[in-house]
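Below: coords-v4.cif (mmCIF, C-alpha atoms)
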data_final
#
loop_
_atom_site.label_atom_id
_atom_site.label_comp_id
_atom_site.auth_asym_id
_atom_site.auth_seq_id
_atom_site.Cartn_x
_atom_site.Cartn_y
_atom_site.Cartn_z
CA MET A 1 -25.68 20.75 -57.29
CA TYR A 2 -28.91 20.55 -55.27
CA ASP A 3 -32.05 22.33 -56.45
CA VAL A 4 -33.78 24.94 -54.33
CA GLY A 5 -36.57 22.52 -53.41
CA THR A 6 -34.11 20.08 -51.87
CA ARG A 7 -32.42 22.90 -50.01
CA ARG A 8 -35.71 24.21 -48.61
CA ARG A 9 -36.74 20.71 -47.51
CA ALA A 10 -33.41 20.14 -45.73
CA LEU A 11 -33.66 23.45 -43.86
CA ALA A 12 -37.28 22.72 -42.95
CA LEU A 13 -36.20 19.41 -41.40
CA VAL A 14 -33.47 21.17 -39.43
CA ALA A 15 -36.02 23.75 -38.25
CA GLN A 16 -38.13 20.88 -36.90
CA GLY A 17 -35.26 20.00 -34.55
CA ARG A 18 -33.73 17.21 -36.62
CA SER A 19 -29.96 16.74 -36.34
CA LEU A 20 -27.68 17.57 -39.25
CA ASN A 21 -26.64 13.90 -39.39
CA SER A 22 -30.19 12.64 -39.85
CA VAL A 23 -31.07 15.35 -42.41
CA SER A 24 -27.87 14.58 -44.31
CA LYS A 25 -28.75 10.87 -44.48
CA GLU A 26 -32.31 11.60 -45.64
CA THR A 27 -31.46 14.18 -48.30
CA GLY A 28 -28.01 12.99 -49.39
CA ALA A 29 -26.55 16.48 -48.81
CA SER A 30 -23.45 16.89 -46.67
CA ARG A 31 -23.68 18.57 -43.29
CA SER A 32 -21.39 21.40 -44.45
CA ALA A 33 -23.68 22.03 -47.45
CA ILE A 34 -26.75 22.19 -45.20
CA ARG A 35 -24.96 24.63 -42.89
CA SER A 36 -24.01 26.83 -45.86
CA TRP A 37 -27.63 26.93 -47.07
CA ARG A 38 -28.55 28.79 -43.89
CA SER A 39 -26.64 31.81 -45.17
CA ARG A 40 -27.37 31.34 -48.91
CA LEU A 41 -30.29 29.34 -50.24
CA GLU A 42 -29.92 30.03 -53.96
CA PRO A 43 -27.18 28.07 -55.81
CA LEU A 44 -24.24 30.13 -56.99
CA PRO A 45 -24.24 30.64 -60.76
CA ARG A 46 -22.00 28.30 -62.68
CA MET A 47 -18.79 29.94 -63.82
CA ARG A 48 -15.56 29.00 -65.48
CA ASN A 49 -12.67 28.17 -63.24
CA PRO A 50 -10.90 31.50 -62.62
CA PRO A 51 -7.12 31.57 -63.08
CA CYS A 52 -4.81 31.00 -60.12
CA ALA A 53 -1.73 33.15 -59.57
CA ARG A 54 0.26 30.16 -58.30
CA CYS A 55 -0.57 27.44 -60.86
CA GLY A 56 -1.25 29.49 -63.98
CA PRO A 57 1.01 29.75 -67.02
CA THR A 58 3.09 32.37 -65.17
CA THR A 59 3.63 31.80 -61.45
CA MET A 60 3.27 35.01 -59.49
CA ALA A 61 2.21 36.34 -56.11
CA PRO A 62 -1.50 36.76 -55.32
CA PRO A 63 -2.78 40.09 -56.64
CA ASP A 64 -3.37 41.67 -53.19
CA THR A 65 -0.33 40.67 -51.17
CA ALA A 66 -1.29 42.73 -48.10
CA ALA A 67 -4.67 41.00 -47.86
CA TYR A 68 -2.98 37.64 -48.43
CA SER A 69 -0.50 38.26 -45.60
CA TYR A 70 -3.39 39.02 -43.23
CA LEU A 71 -5.34 35.96 -44.40
CA LEU A 72 -2.26 33.77 -44.00
CA GLY A 73 -2.12 34.78 -40.33
CA LEU A 74 -5.84 34.05 -39.90
CA TYR A 75 -5.49 30.66 -41.61
CA LEU A 76 -2.53 29.57 -39.48
CA GLY A 77 -4.50 30.49 -36.38
CA ASP A 78 -8.17 29.60 -36.85
CA GLY A 79 -8.41 28.33 -40.41
CA CYS A 80 -8.77 24.99 -42.14
CA ILE A 81 -9.03 23.71 -45.70
CA SER A 82 -11.26 20.74 -46.47
CA PRO A 83 -11.90 18.95 -49.80
CA ASP A 84 -15.26 19.01 -51.54
CA ARG A 85 -16.71 16.19 -53.65
CA ARG A 86 -16.60 18.48 -56.73
CA ALA A 87 -12.77 18.35 -56.64
CA GLY A 88 -12.57 21.78 -55.02
CA TYR A 89 -11.80 22.96 -51.50
CA PHE A 90 -13.45 25.00 -48.79
CA LEU A 91 -11.36 27.48 -46.80
CA ARG A 92 -13.01 28.17 -43.45
CA ILE A 93 -11.94 30.80 -40.94
CA ALA A 94 -13.70 30.76 -37.55
CA CYS A 95 -14.49 34.27 -36.24
CA ALA A 96 -16.17 34.86 -32.87
CA ASP A 97 -19.53 36.65 -32.91
CA ALA A 98 -18.08 39.11 -30.38
CA TRP A 99 -15.91 40.72 -33.08
CA PRO A 100 -18.08 41.83 -36.05
CA GLY A 101 -15.25 44.00 -37.39
CA LEU A 102 -13.02 40.93 -37.55
CA ILE A 103 -15.69 39.04 -39.49
CA GLU A 104 -15.86 41.85 -42.06
CA ALA A 105 -12.07 42.08 -42.37
CA CYS A 106 -11.78 38.31 -42.75
CA ALA A 107 -14.45 38.18 -45.46
CA ALA A 108 -12.72 41.00 -47.38
CA ALA A 109 -9.38 39.12 -47.19
CA VAL A 110 -10.94 35.84 -48.36
CA GLU A 111 -12.53 37.63 -51.33
CA ALA A 112 -9.24 39.34 -52.19
CA ALA A 113 -7.32 36.04 -52.15
CA ASN A 114 -9.97 33.78 -53.69
CA PRO A 115 -9.55 33.60 -57.48
CA SER A 116 -13.36 33.75 -57.77
CA GLY A 117 -13.54 36.83 -55.54
CA ARG A 118 -16.28 35.23 -53.43
CA SER A 119 -16.93 34.42 -49.80
CA SER A 120 -19.90 33.36 -47.70
CA ARG A 121 -20.73 33.20 -44.01
CA VAL A 122 -22.15 30.34 -41.99
CA GLN A 123 -23.50 31.05 -38.53
CA GLU A 124 -22.43 28.53 -35.92
CA ALA A 125 -22.90 28.44 -32.14
CA GLY A 126 -21.01 31.52 -30.94
CA TYR A 127 -19.02 32.13 -34.10
CA VAL A 128 -19.23 32.69 -37.84
CA SER A 129 -17.36 30.58 -40.35
CA VAL A 130 -16.17 32.79 -43.20
CA VAL A 131 -16.01 30.40 -46.15
CA GLY A 132 -14.42 30.57 -49.57
CA TYR A 133 -14.70 27.86 -52.24
CA SER A 134 -11.92 27.30 -54.78
CA ARG A 135 -9.91 24.56 -56.42
CA HIS A 136 -6.79 26.54 -55.71
CA TRP A 137 -6.59 26.89 -51.92
CA PRO A 138 -3.81 24.25 -51.67
CA CYS A 139 -1.85 26.29 -54.22
CA LEU A 140 -2.28 29.45 -52.16
CA PHE A 141 -1.80 27.75 -48.78
CA PRO A 142 0.68 24.87 -49.26
CA GLN A 143 0.68 24.38 -45.47
CA HIS A 144 -2.57 22.48 -45.98
CA GLY A 145 -2.25 18.80 -45.16
CA PRO A 146 -3.75 15.92 -43.19
CA GLY A 147 -3.94 16.17 -39.43
CA LYS A 148 -3.70 19.08 -37.03
CA LYS A 149 -1.29 21.92 -37.73
CA HIS A 150 0.68 21.35 -34.52
CA GLU A 151 1.24 17.71 -35.51
CA ARG A 152 3.00 18.49 -38.80
CA PRO A 153 5.71 20.94 -39.90
CA ILE A 154 4.49 24.43 -40.79
CA VAL A 155 7.06 26.17 -42.99
CA LEU A 156 6.45 29.09 -45.33
CA GLU A 157 7.38 28.77 -48.98
CA PRO A 158 9.95 31.36 -50.17
CA TRP A 159 7.26 33.32 -52.04
CA GLN A 160 5.11 33.41 -48.88
CA GLN A 161 8.04 34.62 -46.79
CA GLU A 162 8.63 37.41 -49.31
CA ILE A 163 5.02 38.53 -48.84
CA VAL A 164 5.31 38.40 -45.04
CA ASP A 165 8.56 40.38 -45.23
CA ALA A 166 6.80 42.99 -47.36
CA HIS A 167 3.68 43.11 -45.14
CA PRO A 168 4.78 41.98 -41.67
CA TRP A 169 2.18 43.92 -39.70
CA GLU A 170 -0.67 42.42 -41.72
CA PHE A 171 0.70 38.95 -40.91
CA VAL A 172 1.01 39.76 -37.21
CA ARG A 173 -2.48 41.25 -37.20
CA GLY A 174 -3.92 38.08 -38.74
CA LEU A 175 -2.22 35.89 -36.15
CA VAL A 176 -3.37 38.09 -33.25
CA HIS A 177 -6.91 38.35 -34.64
CA SER A 178 -7.10 34.56 -34.76
CA ASP A 179 -5.15 33.26 -31.76
CA GLY A 180 -4.30 36.41 -29.84
CA CYS A 181 -5.80 39.15 -27.72
CA ARG A 182 -5.10 42.51 -26.11
CA ILE A 183 -5.88 42.60 -22.41
CA THR A 184 -5.42 44.91 -19.44
CA ASN A 185 -3.14 43.32 -16.87
CA TRP A 186 -2.72 44.56 -13.33
CA THR A 187 -0.31 44.31 -10.46
CA THR A 188 0.30 46.13 -7.17
CA ARG A 189 3.25 48.16 -6.01
CA LEU A 190 4.20 50.21 -2.98
CA VAL A 191 3.95 53.97 -3.54
CA GLY A 192 4.85 56.11 -0.52
CA GLY A 193 4.34 53.16 1.78
CA GLU A 194 0.88 52.48 0.36
CA ARG A 195 0.12 49.52 -1.92
CA LYS A 196 -1.63 50.69 -5.07
CA ARG A 197 -3.06 48.88 -8.07
CA TYR A 198 -1.25 49.42 -11.36
CA GLU A 199 -2.80 48.50 -14.74
CA TYR A 200 -1.05 48.10 -18.07
CA PRO A 201 -1.99 46.73 -21.54
CA ARG A 202 -0.55 43.45 -22.80
CA TYR A 203 -0.79 41.33 -25.94
CA PHE A 204 -0.99 37.55 -25.83
CA PHE A 205 -0.64 35.04 -28.65
CA THR A 206 -1.36 31.39 -27.91
CA ASN A 207 -0.75 28.49 -30.30
CA VAL A 208 0.25 24.88 -29.68
CA SER A 209 2.37 24.69 -32.85
CA ASP A 210 6.05 25.47 -32.21
CA ASP A 211 6.43 26.41 -35.89
CA ILE A 212 3.54 28.88 -35.90
CA ARG A 213 4.75 30.53 -32.69
CA ARG A 214 8.21 30.81 -34.24
CA LEU A 215 6.78 32.49 -37.36
CA TYR A 216 5.07 34.98 -35.05
CA THR A 217 8.13 35.72 -32.91
CA ASP A 218 10.49 35.89 -35.92
CA THR A 219 8.21 38.52 -37.44
CA LEU A 220 8.07 40.44 -34.14
CA ASP A 221 11.87 40.37 -34.01
CA ALA A 222 12.06 41.84 -37.50
CA LEU A 223 9.67 44.62 -36.42
CA GLY A 224 11.61 45.43 -33.25
CA VAL A 225 8.86 44.21 -30.92
CA ARG A 226 10.11 42.75 -27.64
CA TRP A 227 8.35 39.58 -26.49
CA THR A 228 8.68 36.87 -23.86
CA HIS A 229 7.43 33.33 -23.34
CA CYS A 230 4.71 33.12 -20.71
CA THR A 231 4.76 29.47 -19.66
CA ARG A 232 1.62 27.95 -18.21
CA GLY A 233 1.69 24.47 -16.71
CA GLY A 234 5.17 23.99 -18.13
CA ASN A 235 3.96 24.60 -21.71
CA PRO A 236 5.47 27.52 -23.68
CA TYR A 237 2.30 28.08 -25.70
CA ASN A 238 1.87 31.77 -24.83
CA ILE A 239 3.83 34.68 -26.29
CA SER A 240 3.52 37.93 -24.34
CA VAL A 241 4.21 41.50 -25.44
CA ALA A 242 4.14 43.76 -22.36
CA GLN A 243 7.07 46.20 -22.70
CA LYS A 244 5.62 49.72 -23.03
CA ALA A 245 7.25 50.73 -26.33
CA SER A 246 6.44 47.37 -27.92
CA VAL A 247 2.81 47.56 -26.82
CA ALA A 248 2.65 51.02 -28.38
CA LEU A 249 3.91 49.57 -31.66
CA MET A 250 1.31 46.79 -31.50
CA ASP A 251 -1.41 49.32 -30.71
CA ALA A 252 -0.42 51.44 -33.71
CA HIS A 253 -0.46 48.53 -36.17
CA VAL A 254 -2.69 45.81 -34.68
CA GLY A 255 -4.93 47.09 -31.90
CA PRO A 256 -7.67 45.22 -30.05
CA LYS A 257 -10.26 43.14 -31.85
CA TYR A 258 -13.56 44.86 -32.53
#

Could I get this structure in the form of structure tokens?
Amino acid sequence: MYDVGTRRRALALVAQGRSLNSVSKETGASRSAIRSWRSRLEPLPRMRNPPCARCGPTTMAPPDTAAYSYLLGLYLGDGCISPDRRAGYFLRIACADAWPGLIEACAAAVEAANPSGRSSRVQEAGYVSVVGYSRHWPCLFPQHGPGKKHERPIVLEPWQQEIVDAHPWEFVRGLVHSDGCRITNWTTRLVGGERKRYEYPRYFFTNVSDDIRRLYTDTLDALGVRWTHCTRGGNPYNISVAQKASVALMDAHVGPKY
């Protein structure tokens, strides 16, 4: 725990144009800690470790399963879990500055899933990291592990699959809000001998992990949403939803980012 004086000194050095590496070496504080002080200078009050739904005396689902399903989608797309020297973990979800509504929804989901009920925000270049600290993130997200997600198996635990089955649209929304988008596509067609431009909405989801794409498409199948692979450069990383009725379903339950 660093006192406020140390925190102010570190931020003053950064304001002078010093790199995070050099300030970290001079103050002894980690780069992630210095970044977090930009959004909150005062130390959080000490508190007892709150109970965890997964590793407590009685194993149960997280209290807000809908929020958890959404956060699970966000984590599989743009999230990571990293250890802290205090034997806890930081969950970080990267949210682009262009979508302030997404940042708010992500923070609410982190607070709903975090046993402490807390979240913070760290401004980065072009995006905000929504951060939650807990000792229990590996309990809540057992997909956490060394290396990149697409380089290791990503399989839901039975209790996670039950939550996704109960809240499939929240899971799909989290995946689309992290690694997806809604765009307006266009093509041309002959109408009465005249070539006219035709526009139509389309959803894309892009992820390098075969397992994460399969979780997405399996959930779409269960919801009756038609999808296709949209291969680019020989790589099947893109999942497209373009059929009119399926786009209407996605619009009703997911919608564009905001």

Neighbours of segment 210-213 of chain A within 10 Å (all atoms listed in the file; same-chain residues fewer than 5 positions away dropped), as a short mmCIF file (atom, residue, chain, number, x, y, z; two decimals) with C-alpha atoms, in the coordinates of the input?
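Dumped everything to result_39.cif:
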data_model
loop_
_atom_site.label_atom_id
_atom_site.label_comp_id
_atom_site.auth_asym_id
_atom_site.auth_seq_id
_atom_site.Cartn_x
_atom_site.Cartn_y
_atom_site.Cartn_z
CA GLY A 73 -2.12 34.78 -40.33
CA LEU A 76 -2.53 29.57 -39.48
CA GLY A 77 -4.50 30.49 -36.38
CA LYS A 149 -1.29 21.92 -37.73
CA HIS A 150 0.68 21.35 -34.52
CA GLU A 151 1.24 17.71 -35.51
CA ARG A 152 3.00 18.49 -38.80
CA PRO A 153 5.71 20.94 -39.90
CA ILE A 154 4.49 24.43 -40.79
CA VAL A 155 7.06 26.17 -42.99
CA LEU A 156 6.45 29.09 -45.33
CA LEU A 175 -2.22 35.89 -36.15
CA PHE A 205 -0.64 35.04 -28.65
CA ASP A 218 10.49 35.89 -35.92
CA THR A 219 8.21 38.52 -37.44
CA PRO A 236 5.47 27.52 -23.68
CA TYR A 237 2.30 28.08 -25.70
CA ASN A 238 1.87 31.77 -24.83
CA ILE A 239 3.83 34.68 -26.29
#

Go through A:His167, A:Arg189, A:Arg195, A:Arg38 one by one, measure the shortest atom-to-atom distance of each to Asp64 of chain A using all atoms listed in the file, and give the residue with the smallest value.
-> A:His167

Starting from the shown file, work through the PyMOL selection byres ((chain A and resi 78-80) around 8) and note down what comes out as a ChimeraX atom specification.
-> /A:74-77,81-82,91-95,144,178-179

I need the residue set behind the PyMOL selection byres ((chain A and resi 85) around 12) for this file; please write it as a VMD selection string.
-> chain A and resid 1 29 to 30 32 to 33 82 to 84 86 to 90 133 135

Non-local contacts of segment 222-233 of chain A (12 Å; only C-alpha atoms; under 5 positions in same chain excluded) as a ChimeraX atom specification = /A:164-172,202-208,210,213-217,238-251,253

Which neighbours of Gly117 of chain A fall inside 10 Å, counting all atoms listed in the file, when residues of the same chain fewer than 6 positions from it are skipped, and could you give them as a PyMOL selection string?
-> chain A and resi 50+108-111+132-134

Quote the spacing between atom CA of Tyr127 of chain A and atom CA of Ala96 of chain A in Å to one decimal place.
->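 Between atom CA of Tyr127 of chain A and atom CA of Ala96 of chain A the gap works out to 4.1 Å.
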
Evaluate the PyMOL selection byres ((chain A and resi 181-186) around 8) on the structure here and hand back the selected residues as an mmCIF file with C-alpha atoms, in the coordinates of the input.
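selection.cif written:
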data_model
loop_
_atom_site.group_PDB
_atom_site.id
_atom_site.type_symbol
_atom_site.label_atom_id
_atom_site.label_comp_id
_atom_site.auth_asym_id
_atom_site.auth_seq_id
_atom_site.Cartn_x
_atom_site.Cartn_y
_atom_site.Cartn_z
ATOM 1 C CA VAL A 176 -3.370 38.090 -33.250
ATOM 2 C CA HIS A 177 -6.910 38.350 -34.640
ATOM 3 C CA ASP A 179 -5.150 33.260 -31.760
ATOM 4 C CA GLY A 180 -4.300 36.410 -29.840
ATOM 5 C CA THR A 187 -0.310 44.310 -10.460
ATOM 6 C CA THR A 188 0.300 46.130 -7.170
ATOM 7 C CA ARG A 197 -3.060 48.880 -8.070
ATOM 8 C CA TYR A 198 -1.250 49.420 -11.360
ATOM 9 C CA GLU A 199 -2.800 48.500 -14.740
ATOM 10 C CA TYR A 200 -1.050 48.100 -18.070
ATOM 11 C CA PRO A 201 -1.990 46.730 -21.540
ATOM 12 C CA ARG A 202 -0.550 43.450 -22.800
ATOM 13 C CA TYR A 203 -0.790 41.330 -25.940
ATOM 14 C CA PHE A 204 -0.990 37.550 -25.830
ATOM 15 C CA PHE A 205 -0.640 35.040 -28.650
ATOM 16 C CA GLY A 255 -4.930 47.090 -31.900
ATOM 17 C CA PRO A 256 -7.670 45.220 -30.050
ATOM 18 C CA LYS A 257 -10.260 43.140 -31.850
#

What gap, in Å, lies between atom CA of Ser129 of chain A and atom CA of Gln16 of chain A?
-> 23.2 Å

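Between atom CA of Pro115 of chain A and atom CA of Cys139 of chain A there is a distance of 11.1 Å.
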
Mind checking which residues fall within 10 Å of Ala53 of chain A, counting all atoms listed in the file, ignoring those fewer than 6 positions away in the same chain, and posting them as a VMD selection string?
-> chain A and resid 59 to 63 113 115 136 139 to 140

Go through A:Arg35, A:Gly192, A:Pro100, A:Arg118 and flag the residue nearest Asn21 of chain A, using only C-alpha atoms for the distances.
-> A:Arg35

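For the choices A:Ser69, A:Asn235, A:Gln161, A:Gln143, the atom-to-atom distance to Arg173 of chain A is smallest for A:Ser69 when using all atoms listed in the file.
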
Which of A:Ala15, A:Cys52, A:Gly147, A:Gly174 sits closest to Leu102 of chain A [using all atoms listed in the file] |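 Closest candidate: A:Gly174.
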
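Ranking A:Val128, A:Ile163, A:Ala252, A:Leu11 by their shortest atom-to-atom distance to Ala67 of chain A, with all atoms listed in the file included, puts A:Ile163 first.
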
A:Ala112, A:Val4, A:Ala125, A:Leu190: which is nearest Leu71 of chain A, counting only C-alpha atoms?
-> A:Ala112
